[in-house]
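So this one's input-v9.cif, mmCIF, C-alpha atoms and all ligand atoms:
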```
data_start
#
loop_
_atom_site.label_atom_id
_atom_site.label_comp_id
_atom_site.auth_asym_id
_atom_site.auth_seq_id
_atom_site.Cartn_x
_atom_site.Cartn_y
_atom_site.Cartn_z
CA MET E 1409 -10.78 45.40 149.15
CA ASP E 1410 -13.19 42.65 148.19
CA ASP E 1411 -16.54 44.30 147.71
CA GLY E 1412 -17.89 41.67 145.39
CA TRP E 1413 -20.60 40.46 147.74
CA TRP E 1414 -22.71 43.53 147.39
CA ARG E 1415 -21.67 44.55 143.92
CA GLN E 1416 -23.04 41.33 142.49
CA GLU E 1417 -26.64 42.23 143.19
CA GLU E 1418 -26.22 45.52 141.40
CA LYS E 1419 -25.09 43.87 138.18
CA GLN E 1420 -28.63 42.75 137.40
CA THR E 1421 -29.62 45.61 135.20
CA LYS E 1422 -33.03 47.20 135.51
CA LYS E 1423 -35.68 46.45 132.96
CA LYS E 1424 -38.79 48.52 132.79
CA GLY E 1425 -41.60 47.22 134.94
CA GLU E 1426 -39.37 44.74 136.69
CA THR E 1427 -38.95 44.91 140.43
CA THR E 1428 -35.31 45.56 141.17
CA MET E 1429 -33.08 44.89 144.11
CA LYS E 1430 -32.99 47.86 146.44
CA GLN E 1431 -30.06 50.13 145.68
CA LYS E 1432 -27.21 50.01 148.15
CA ARG E 1433 -26.59 53.23 150.00
CA ILE E 1434 -23.34 55.13 150.30
CA LEU E 1435 -22.64 58.07 152.54
CA THR E 1436 -19.65 60.34 152.47
CA GLY E 1437 -19.01 63.93 153.39
CA ASP E 1438 -16.91 67.01 153.75
CA ARG E 1439 -16.24 69.25 156.69
CA THR E 1440 -17.63 72.69 155.91
CA THR E 1441 -14.48 74.62 156.68
CA GLY E 1442 -13.79 76.01 153.20
CA ARG E 1443 -14.25 75.60 149.50
CA LEU E 1444 -13.15 72.36 147.88
CA HIS E 1445 -10.02 72.15 145.75
CA LEU E 1446 -8.37 69.97 143.12
CA GLY E 1447 -7.16 67.57 145.79
CA HIS E 1448 -10.78 66.89 146.76
CA TYR E 1449 -11.69 66.58 143.10
CA ALA E 1450 -9.04 63.97 142.31
CA GLY E 1451 -9.42 62.18 145.62
CA SER E 1452 -13.16 62.02 146.07
CA LEU E 1453 -15.50 64.22 144.04
CA GLN E 1454 -14.70 62.50 140.76
CA ASN E 1455 -15.36 59.17 142.39
CA ARG E 1456 -18.68 60.34 143.84
CA VAL E 1457 -19.83 61.45 140.43
CA ARG E 1458 -19.12 57.97 139.13
CA LEU E 1459 -20.83 56.23 142.03
CA GLN E 1460 -24.02 58.27 142.07
CA ASP E 1461 -25.65 56.22 139.29
CA GLU E 1462 -25.03 52.96 141.02
CA TYR E 1463 -25.76 53.88 144.62
CA ASP E 1464 -28.29 55.79 146.64
CA THR E 1465 -25.84 58.56 147.51
CA PHE E 1466 -25.87 60.67 150.67
CA ILE E 1467 -23.48 63.61 150.89
CA LEU E 1468 -22.99 64.94 154.37
CA LEU E 1469 -22.21 68.62 154.86
CA ALA E 1470 -20.34 68.03 158.09
CA ASP E 1471 -20.83 71.29 159.93
CA VAL E 1472 -20.64 69.73 163.40
CA GLN E 1473 -17.39 67.98 162.57
CA ALA E 1474 -16.14 71.30 161.17
CA LEU E 1475 -16.69 72.81 164.60
CA THR E 1476 -14.25 70.34 166.17
CA THR E 1477 -11.49 72.55 164.75
CA HIS E 1478 -13.42 75.74 163.93
CA PHE E 1479 -15.64 76.20 167.00
CA GLU E 1480 -14.43 79.77 167.24
CA GLN E 1481 -15.62 80.54 163.70
CA PRO E 1482 -19.25 79.42 163.49
CA GLU E 1483 -20.02 81.98 160.76
CA LEU E 1484 -17.32 80.52 158.55
CA VAL E 1485 -18.68 77.03 159.10
CA GLU E 1486 -22.20 78.19 158.26
CA LYS E 1487 -21.15 80.04 155.11
CA ASN E 1488 -19.37 76.97 153.83
CA ILE E 1489 -22.39 74.68 154.10
CA CYS E 1490 -23.75 76.19 150.91
CA GLU E 1491 -20.28 76.58 149.33
CA VAL E 1492 -19.44 72.92 149.82
CA ALA E 1493 -22.86 71.89 148.51
CA ILE E 1494 -22.24 74.00 145.40
CA ASP E 1495 -18.75 72.52 145.02
CA ASN E 1496 -20.26 69.04 145.01
CA LEU E 1497 -23.01 69.93 142.56
CA SER E 1498 -20.59 71.80 140.29
CA ALA E 1499 -18.32 68.77 140.20
CA GLY E 1500 -21.20 66.90 138.61
CA LEU E 1501 -23.31 65.44 141.40
CA ASP E 1502 -26.91 65.41 140.22
CA PRO E 1503 -29.37 67.14 142.56
CA GLU E 1504 -32.04 64.70 141.38
CA LYS E 1505 -29.99 61.73 142.45
CA VAL E 1506 -28.07 62.62 145.58
CA THR E 1507 -29.29 63.56 149.03
CA LEU E 1508 -27.47 66.53 150.53
CA VAL E 1509 -27.58 66.47 154.32
CA GLN E 1510 -26.63 69.13 156.80
CA GLN E 1511 -25.15 67.20 159.70
CA SER E 1512 -26.44 69.46 162.48
CA ALA E 1513 -30.00 69.05 161.20
CA VAL E 1514 -30.05 65.34 161.97
CA PRO E 1515 -30.72 64.86 165.71
CA ALA E 1516 -30.10 61.11 165.41
CA ILE E 1517 -26.43 61.78 164.68
CA ALA E 1518 -26.00 63.62 167.97
CA GLU E 1519 -28.00 61.02 169.89
CA LEU E 1520 -26.15 58.05 168.44
CA THR E 1521 -22.85 59.78 169.18
CA VAL E 1522 -23.73 59.78 172.87
CA PHE E 1523 -24.69 56.11 172.94
CA TYR E 1524 -21.64 55.08 170.93
CA SER E 1525 -19.35 57.07 173.19
CA MET E 1526 -19.88 54.45 175.92
CA LEU E 1527 -18.48 51.78 173.62
CA VAL E 1528 -15.11 53.37 172.82
CA SER E 1529 -12.16 53.84 175.13
CA VAL E 1530 -10.32 57.13 175.28
CA ASN E 1531 -7.06 55.27 174.66
CA VAL E 1532 -8.29 53.82 171.41
CA LEU E 1533 -9.13 57.33 170.21
CA ARG E 1534 -5.82 58.74 171.40
CA HIS E 1535 -3.95 56.11 169.41
CA ASN E 1536 -5.97 56.59 166.23
CA PRO E 1537 -3.25 57.41 163.64
CA THR E 1538 -5.36 59.98 161.78
CA ILE E 1539 -6.26 61.79 165.00
CA LYS E 1540 -2.56 61.82 165.90
CA THR E 1541 -1.49 63.24 162.53
CA GLU E 1542 -4.20 65.88 162.54
CA ALA E 1543 -3.52 66.90 166.13
CA LYS E 1544 0.10 67.46 165.17
CA GLN E 1545 -0.88 69.33 162.03
CA TYR E 1546 -3.21 71.66 163.94
CA GLY E 1547 -0.68 72.05 166.74
CA TYR E 1548 -2.96 70.63 169.43
CA ASP E 1549 -1.28 69.30 172.50
CA ASP E 1550 -4.41 69.54 174.58
CA LEU E 1551 -7.19 67.86 172.61
CA THR E 1552 -10.81 68.76 173.17
CA TYR E 1553 -13.26 66.00 173.95
CA GLY E 1554 -15.11 66.85 170.72
CA PHE E 1555 -12.05 66.63 168.50
CA LEU E 1556 -10.81 63.41 170.07
CA GLY E 1557 -14.29 61.96 169.67
CA TYR E 1558 -15.03 62.96 166.09
CA PRO E 1559 -14.49 59.42 164.79
CA VAL E 1560 -17.32 58.35 167.12
CA SER E 1561 -19.57 61.05 165.72
CA GLN E 1562 -18.49 60.01 162.23
CA THR E 1563 -19.69 56.48 163.03
CA ALA E 1564 -23.06 58.02 163.84
CA ASP E 1565 -22.97 59.89 160.49
CA ILE E 1566 -22.52 56.63 158.65
CA THR E 1567 -24.88 54.40 160.61
CA PHE E 1568 -27.94 56.59 161.23
CA CYS E 1569 -29.07 55.86 157.67
CA ASP E 1570 -27.78 52.27 157.34
CA ALA E 1571 -25.10 53.22 154.81
CA ASP E 1572 -23.71 50.06 153.24
CA ALA E 1573 -20.47 51.66 152.22
CA VAL E 1574 -18.40 54.80 152.57
CA PRO E 1575 -16.19 56.11 149.77
CA VAL E 1576 -13.11 57.44 151.52
CA GLY E 1577 -9.44 58.17 151.12
CA GLU E 1578 -6.80 56.24 153.02
CA ASP E 1579 -6.62 58.73 155.87
CA GLN E 1580 -10.16 57.75 156.87
CA LEU E 1581 -9.47 54.02 157.16
CA PRO E 1582 -8.81 54.04 160.92
CA HIS E 1583 -12.21 55.71 161.32
CA MET E 1584 -13.89 53.02 159.24
CA GLU E 1585 -12.32 50.32 161.34
CA LEU E 1586 -13.61 52.03 164.46
CA ALA E 1587 -17.06 52.41 162.90
CA ARG E 1588 -17.22 48.67 162.29
CA LYS E 1589 -16.07 47.91 165.82
CA ILE E 1590 -18.69 50.19 167.34
CA ALA E 1591 -21.46 48.76 165.14
CA ARG E 1592 -20.51 45.18 166.01
CA ARG E 1593 -20.19 45.98 169.68
CA PHE E 1594 -23.57 47.70 169.72
CA ASN E 1595 -25.23 44.75 168.00
CA ALA E 1596 -23.55 42.23 170.31
CA LEU E 1597 -24.62 44.14 173.41
CA TYR E 1598 -28.12 45.23 172.49
CA GLY E 1599 -29.09 43.54 169.24
CA ASP E 1600 -30.34 40.25 170.64
CA GLY E 1601 -29.08 38.51 167.53
CA ARG E 1602 -30.18 41.28 165.15
CA GLU E 1603 -28.13 43.81 163.21
CA ILE E 1604 -29.66 47.03 164.55
CA ILE E 1605 -26.63 49.01 163.39
CA LYS E 1606 -25.41 48.15 159.91
CA VAL E 1607 -21.71 47.33 159.79
CA PRO E 1608 -20.33 49.60 157.04
CA GLN E 1609 -17.67 48.81 154.44
CA GLU E 1610 -15.25 51.24 152.87
CA LEU E 1611 -14.90 51.93 149.18
CA ILE E 1612 -11.35 53.14 148.86
CA SER E 1613 -10.66 55.71 146.23
CA GLN E 1614 -7.56 54.64 144.29
CA SER E 1615 -6.65 58.12 143.19
CA PRO E 1616 -3.31 59.58 144.25
CA ARG E 1617 -2.90 62.22 146.90
CA ILE E 1618 -2.45 65.63 145.30
CA ALA E 1619 0.52 67.68 146.47
CA GLY E 1620 0.24 71.35 147.36
CA LEU E 1621 1.34 74.08 144.93
CA ASP E 1622 4.19 74.75 147.38
CA GLY E 1623 5.39 71.17 147.10
CA ALA E 1624 3.91 70.13 150.47
CA ALA E 1625 2.75 66.53 150.55
CA LYS E 1626 -0.92 67.42 150.58
CA MET E 1627 -3.03 70.16 149.07
CA GLY E 1628 -4.96 71.69 151.95
CA LYS E 1629 -7.60 74.31 152.59
CA SER E 1630 -5.69 75.71 155.51
CA ALA E 1631 -2.21 75.37 154.01
CA ASN E 1632 -2.74 78.11 151.44
CA ASN E 1633 -1.39 75.92 148.67
CA ALA E 1634 -4.57 74.91 146.91
CA LEU E 1635 -6.12 75.36 143.51
CA TYR E 1636 -9.84 75.73 144.10
CA LEU E 1637 -12.59 74.42 141.88
CA SER E 1638 -13.93 77.95 141.95
CA ASP E 1639 -10.68 79.58 140.73
CA GLY E 1640 -10.97 81.51 137.47
CA ARG E 1641 -8.74 81.03 134.42
CA GLU E 1642 -6.30 83.76 135.35
CA THR E 1643 -5.93 82.48 138.89
CA VAL E 1644 -5.31 78.97 137.57
CA PHE E 1645 -2.50 80.23 135.32
CA ALA E 1646 -0.99 82.39 138.07
CA LYS E 1647 -1.11 79.62 140.66
CA ILE E 1648 0.38 76.99 138.36
CA LYS E 1649 3.09 79.47 137.40
CA SER E 1650 3.99 79.70 141.09
CA ALA E 1651 4.03 75.93 141.64
CA VAL E 1652 7.24 74.38 142.90
CA THR E 1653 9.31 72.44 140.35
CA ASP E 1654 12.61 70.55 140.52
CA PRO E 1655 14.80 72.94 142.56
CA ASN E 1656 17.93 71.79 140.71
CA ARG E 1657 16.59 72.83 137.35
CA ILE E 1658 17.71 76.42 137.25
CA ARG E 1659 18.25 77.27 133.59
CA ARG E 1660 15.70 76.58 130.93
CA THR E 1661 18.05 74.08 129.22
CA ASP E 1662 18.94 72.13 132.40
CA ARG E 1663 17.82 68.53 132.55
CA GLY E 1664 15.03 68.17 135.09
CA ASN E 1665 13.81 65.43 137.36
CA PRO E 1666 10.03 65.01 137.14
CA GLU E 1667 10.06 62.77 140.20
CA VAL E 1668 10.60 65.76 142.45
CA CYS E 1669 8.38 68.18 140.53
CA THR E 1670 4.87 69.13 141.65
CA VAL E 1671 3.90 70.18 138.14
CA SER E 1672 4.72 66.76 136.72
CA GLN E 1673 2.60 65.17 139.47
CA TYR E 1674 -0.30 67.32 138.38
CA HIS E 1675 0.26 66.29 134.77
CA LYS E 1676 0.04 62.69 135.92
CA ALA E 1677 -3.23 63.29 137.75
CA PHE E 1678 -4.96 65.71 135.38
CA ASN E 1679 -3.23 65.19 132.04
CA PRO E 1680 -2.40 61.47 132.04
CA GLU E 1681 -2.32 61.15 128.21
CA GLU E 1682 0.65 63.50 127.97
CA TYR E 1683 2.38 62.47 131.17
CA ASP E 1684 5.08 60.25 129.62
CA GLU E 1685 5.93 62.85 127.03
CA VAL E 1686 6.03 65.60 129.68
CA CYS E 1687 8.50 63.55 131.74
CA ALA E 1688 10.69 62.75 128.74
CA SER E 1689 10.94 66.37 127.63
CA CYS E 1690 11.72 67.46 131.20
CA ARG E 1691 14.50 64.87 131.55
CA SER E 1692 16.07 65.83 128.23
CA GLY E 1693 15.70 69.54 128.88
CA ALA E 1694 13.73 69.97 125.66
CA VAL E 1695 10.79 71.74 127.30
CA GLY E 1696 11.30 74.34 130.01
CA CYS E 1697 9.26 74.68 133.19
CA ALA E 1698 7.37 77.75 131.97
CA ALA E 1699 6.07 75.98 128.87
CA CYS E 1700 5.34 72.82 130.84
CA LYS E 1701 3.30 74.87 133.30
CA GLU E 1702 1.36 76.62 130.54
CA ARG E 1703 0.41 73.29 129.11
CA LEU E 1704 -0.78 72.07 132.49
CA ALA E 1705 -2.70 75.26 133.19
CA GLU E 1706 -4.54 74.89 129.87
CA ARG E 1707 -5.44 71.33 130.73
CA ILE E 1708 -6.67 72.17 134.24
CA ASP E 1709 -8.56 75.17 132.93
CA ALA E 1710 -10.31 72.86 130.46
CA LEU E 1711 -11.14 70.47 133.28
CA LEU E 1712 -12.59 73.31 135.33
CA THR E 1713 -14.61 74.90 132.52
CA PRO E 1714 -17.73 72.70 132.83
CA ILE E 1715 -17.41 72.82 136.62
CA ARG E 1716 -17.39 76.63 136.48
CA GLU E 1717 -20.41 76.65 134.19
CA ARG E 1718 -22.42 74.55 136.63
CA ARG E 1719 -21.16 76.70 139.49
CA SER E 1720 -22.38 79.90 137.91
CA TYR E 1721 -25.82 78.31 137.55
CA TYR E 1722 -25.97 77.21 141.19
CA GLU E 1723 -24.55 80.49 142.44
CA ALA E 1724 -27.34 82.27 140.65
CA HIS E 1725 -29.83 79.85 142.27
CA GLN E 1726 -28.57 79.72 145.83
CA ASP E 1727 -32.07 79.62 147.24
CA ALA E 1728 -32.75 76.46 145.29
CA VAL E 1729 -29.53 74.97 146.67
CA ARG E 1730 -30.61 75.86 150.19
CA GLU E 1731 -33.98 74.23 149.58
CA LEU E 1732 -32.25 71.15 148.31
CA ILE E 1733 -30.17 70.96 151.48
CA ALA E 1734 -33.28 71.53 153.62
CA ALA E 1735 -35.22 68.79 151.83
CA GLY E 1736 -32.31 66.34 152.03
CA SER E 1737 -31.78 67.11 155.69
CA GLU E 1738 -35.46 66.59 156.50
CA LYS E 1739 -35.44 63.27 154.75
CA ALA E 1740 -32.30 62.31 156.69
CA ALA E 1741 -33.85 63.45 159.96
CA ARG E 1742 -36.87 61.21 159.32
CA ILE E 1743 -34.64 58.24 158.53
CA GLY E 1744 -32.65 59.00 161.67
CA ALA E 1745 -35.77 59.22 163.84
CA ARG E 1746 -36.79 55.75 162.70
CA LYS E 1747 -33.35 54.43 163.47
CA MET E 1748 -33.50 55.97 166.95
CA GLU E 1749 -36.75 54.15 167.65
CA GLN E 1750 -35.02 50.84 166.94
CA VAL E 1751 -31.94 51.86 168.87
CA LYS E 1752 -33.86 53.00 171.93
CA ALA E 1753 -36.05 49.92 171.93
CA ALA E 1754 -32.95 47.73 171.77
CA MET E 1755 -31.34 49.70 174.58
CA HIS E 1756 -34.41 49.50 176.82
CA LEU E 1757 -34.84 53.24 176.56
CA ALA E 1758 -38.17 53.31 174.78
CA LEU E 1759 -40.82 55.51 176.37
N1 LIG E 1801 -13.78 63.25 158.19
C1 LIG E 1801 -14.12 63.37 156.79
C2 LIG E 1801 -12.98 64.16 156.12
O1 LIG E 1801 -12.32 64.94 156.76
C3 LIG E 1801 -15.42 64.09 156.56
C4 LIG E 1801 -16.59 63.31 157.05
C5 LIG E 1801 -17.47 63.66 158.05
C6 LIG E 1801 -17.02 62.03 156.57
N2 LIG E 1801 -18.40 62.70 158.22
C7 LIG E 1801 -18.17 61.70 157.34
C8 LIG E 1801 -16.54 61.16 155.59
C9 LIG E 1801 -18.81 60.49 157.15
C10 LIG E 1801 -17.21 59.97 155.40
C11 LIG E 1801 -18.33 59.64 156.18
O2 LIG E 1801 -12.81 64.00 154.94
#
```
Please lay out the structure from this file as structure tokens.
Amino acid sequence: MDDGWWRQEEKQTKKKGETTMKQKRILTGDRTTGRLHLGHYAGSLQNRVRLQDEYDTFILLADVQALTTHFEQPELVEKNICEVAIDNLSAGLDPEKVTLVQQSAVPAIAELTVFYSMLVSVNVLRHNPTIKTEAKQYGYDDLTYGFLGYPVSQTADITFCDADAVPVGEDQLPHMELARKIARRFNALYGDGREIIKVPQELISQSPRIAGLDGAAKMGKSANNALYLSDGRETVFAKIKSAVTDPNRIRRTDRGNPEVCTVSQYHKAFNPEEYDEVCASCRSGAVGCAACKERLAERIDALLTPIRERRSYYEAHQDAVRELIAAGSEKAARIGARKMEQVKAAMHLAL
């Protein structure tokens, strides 16, 4: 993606006392359905940590979107608001820099969702490839209005605060395309030549998709095949030990095929310096799966050590985390209220 147009302005580095160009804003988020795992880390958290210095970063704790699939478990969704916040902070997001926002605490998101819903056809939503894949995955053949419409609500998430860009994985691209369409349509209909709703760009994360421990294509909260950021050392070793390897490599001395091995994929993602060597010693049969797994477990454990240290701090200060979420959400609600004034004025709905 060509994102040069708005990167350029950022390159002018700040000097003390100098007025600087306003920082561009990014917004991204997680559904609060469970703790975050290594797949989230490789796919998005790592990227967020990198981006937080450059952008005004909003992290959405998407509890309303969580309800689209978990409406029968509101307590679980509530519990995970704080868990997901702690996961993000433990991964290295700086509470001084980022704004944590609880989605349900921003009325503008709900209001915009209603207005946007007039601008999207049901057929477009039904043909959204990500909706289709997820509906299959969750076994839905009778979609709720809320689930089918979550990309509309996601457009509200992104636009209530004029986010310039959204760091996302590939599965979210159809939603970004829809978000742009809705924003353009809104502006064309009600903007009178102005951009009331900012048209957002995506910032695609280049990182690979992380397979599940069971060899499934994707590590997932619900699939029971995940290594969590909160897992302790022993759990890490036990889980890696159970990970699926090349099924044709039966004896220790057999030659293996790293292409079909989950463990080698993890080496590639989390131990890139040793990846070539790991593959070579698998192909020649020099190193067995058990030793290869130990090596990986050590590496992942080392990766998780600083994350665990930060976690234990935040877990001991949960009230402070809750306050942080409350403050971020209030700030977001104020920003959203201002946006709604513009939106309602443009739509001839002002009081
Ligand atoms: N749908 C996103 C996911 O499942 C989570 C999300 C909710 C999101 N609102 C968002 C991502 C707004 C980016 C922007 O990963």
Next on the checklist: Residues near Asp1662 in chain E, anyone? I mean within 9 Å using only C-alpha atoms, not counting same-chain ones fewer than 2 positions away, as number ranges by chain.
Outcome noted: E: 1656-1660, 1664, 1690-1694, 1696
Write out as AutoDock Vina command-line options an axis-aligned box for ligand LIG 1801 (chain E): all of its atoms listed in the file, 8 Å added on each side, centre and edge lengths in Å with one decimal.
```
--center_x -15.6 --center_y 62.3 --center_z 156.6 --size_x 22.5 --size_y 21.3 --size_z 19.3
```
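In this comparison, which uses all atoms listed in the file, the residue of E:Ala1753, E:Ala1651, E:Val1644, E:Ile1434 approaching ligand LIG 1801 (chain E) most closely is E:Ile1434.
Closest approach to ligand LIG 1801 (chain E) from the set E:Lys1544, E:Lys1505, E:His1583, E:His1478 is made by E:His1583, with distances taken over only C-alpha atoms and all ligand atoms.
Closest to ligand LIG 1801 (chain E) among E:Leu1446, E:Ser1529, E:Gln1580, E:Thr1538 is E:Gln1580, based on only C-alpha atoms and all ligand atoms.
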Next on the checklist: So that I can see what lies close to Ile1517 in chain E, please list as an NGL selection string the residues with an atom at most 9 Å from it, counting all atoms listed in the file and leaving out residues fewer than 2 positions away in the same chain.
Outcome noted: :E and (1511-1515 or 1519-1522 or 1561-1568 or 1741 or 1744)
Checklist entry - So which residues are near ligand LIG 1801 (chain E), meaning at most 7 Å away with all atoms listed in the file counted, given back as a list in words? => result Leu1435, Thr1436, Gly1437, Asp1438, Arg1439, Leu1468, Ala1470, Gln1473, Gln1562, Asp1565, Ile1566, Val1574, Pro1575, Val1576 and Gln1580 of chain E
Hey, which bits of range 1640-1756 of chain E sit within 10 Å of range 1483-1490 of chain E, and for each residue what's the closest pair of atoms and how far apart in Å (one decimal), counting all atoms listed in the file, rows by chain and increasing number, as a tab-separated table?
```
residue	atom	partner	partner_atom	distance
E:Glu1723	CA	E:Cys1490	CA	9.5
E:Gln1726	CA	E:Cys1490	CA	7.8
E:Asp1727	CA	E:Cys1490	CA	9.7
E:Val1729	CA	E:Cys1490	CA	7.3
E:Arg1730	CA	E:Cys1490	CA	6.9
E:Ile1733	CA	E:Cys1490	CA	8.3
```
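The spacing separating CA of Pro1559 in chain E from CA of Tyr1463 in chain E amounts to 23.8 Å.
If you measure from each of E:Tyr1449, E:Tyr1546, E:Phe1479, E:Phe1594 to Ser1498 in chain E using all atoms listed in the file, the closest one turns out to be E:Tyr1449.
Among the candidate residues E:Lys1739, E:Arg1707, E:Lys1752, E:Lys1432, the one lying nearest to Leu1508 in chain E is E:Lys1739, with distances computed using all atoms listed in the file.
CA of Val1652 in chain E is found 5.9 Å from CA of Thr1670 in chain E.
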Next on the checklist: With all atoms listed in the file as the counted atoms, please give the residues lying no more than 7 Å from Leu1444 in chain E, apart from itself and same-chain residues fewer than 2 positions off, as a PyMOL selection string.
Outcome noted: chain E and resi 1442+1448+1492+1495+1636-1637
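Taking CA of Asp1464 in chain E and CA of Lys1606 in chain E as the two end points, the separation is 15.6 Å.
Minimum distance to Glu1462 in chain E across E:Ser1525, E:Thr1440, E:Gln1431, E:Ser1630 (counting all atoms listed in the file) occurs at E:Gln1431.
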Checklist entry - Residues at most 8 Å from Ala1573 in chain E, counting all atoms listed in the file, excluding those fewer than 6 positions away in the same chain, as a PyMOL selection string? => result chain E and resi 1433-1435+1608-1611
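Close to (3.6, 72.9, 149.0), meaning no more than 9 Å away when counting all atoms listed in the file, sit the residues Ala1619, Gly1620, Leu1621, Asp1622, Gly1623, Ala1624, Ala1625, Lys1626, Met1627, Ala1631, Asn1632, Asn1633, Ala1634, Ala1651, Val1652 and Thr1670 of chain E.
For Val1532 in chain E, the non-local neighbours within 12 Å, defined as residues at least 2 positions apart in the same chain or in other chains and counting all atoms listed in the file, are Ser1525, Leu1527, Val1528, Ser1529, Val1530, Arg1534, His1535, Asn1536, Pro1537, Thr1538, Ile1539, Lys1540, Leu1556, Gly1557, Pro1559, Val1560, Pro1582, His1583, Glu1585, Leu1586, Lys1589 and Ile1590 of chain E.
The point (-7.4, 57.0, 140.7) has these residues within 8 Å of it, counting all atoms listed in the file: Ala1450, Gly1451, Ser1613, Gln1614, Ser1615 and Pro1616 of chain E.
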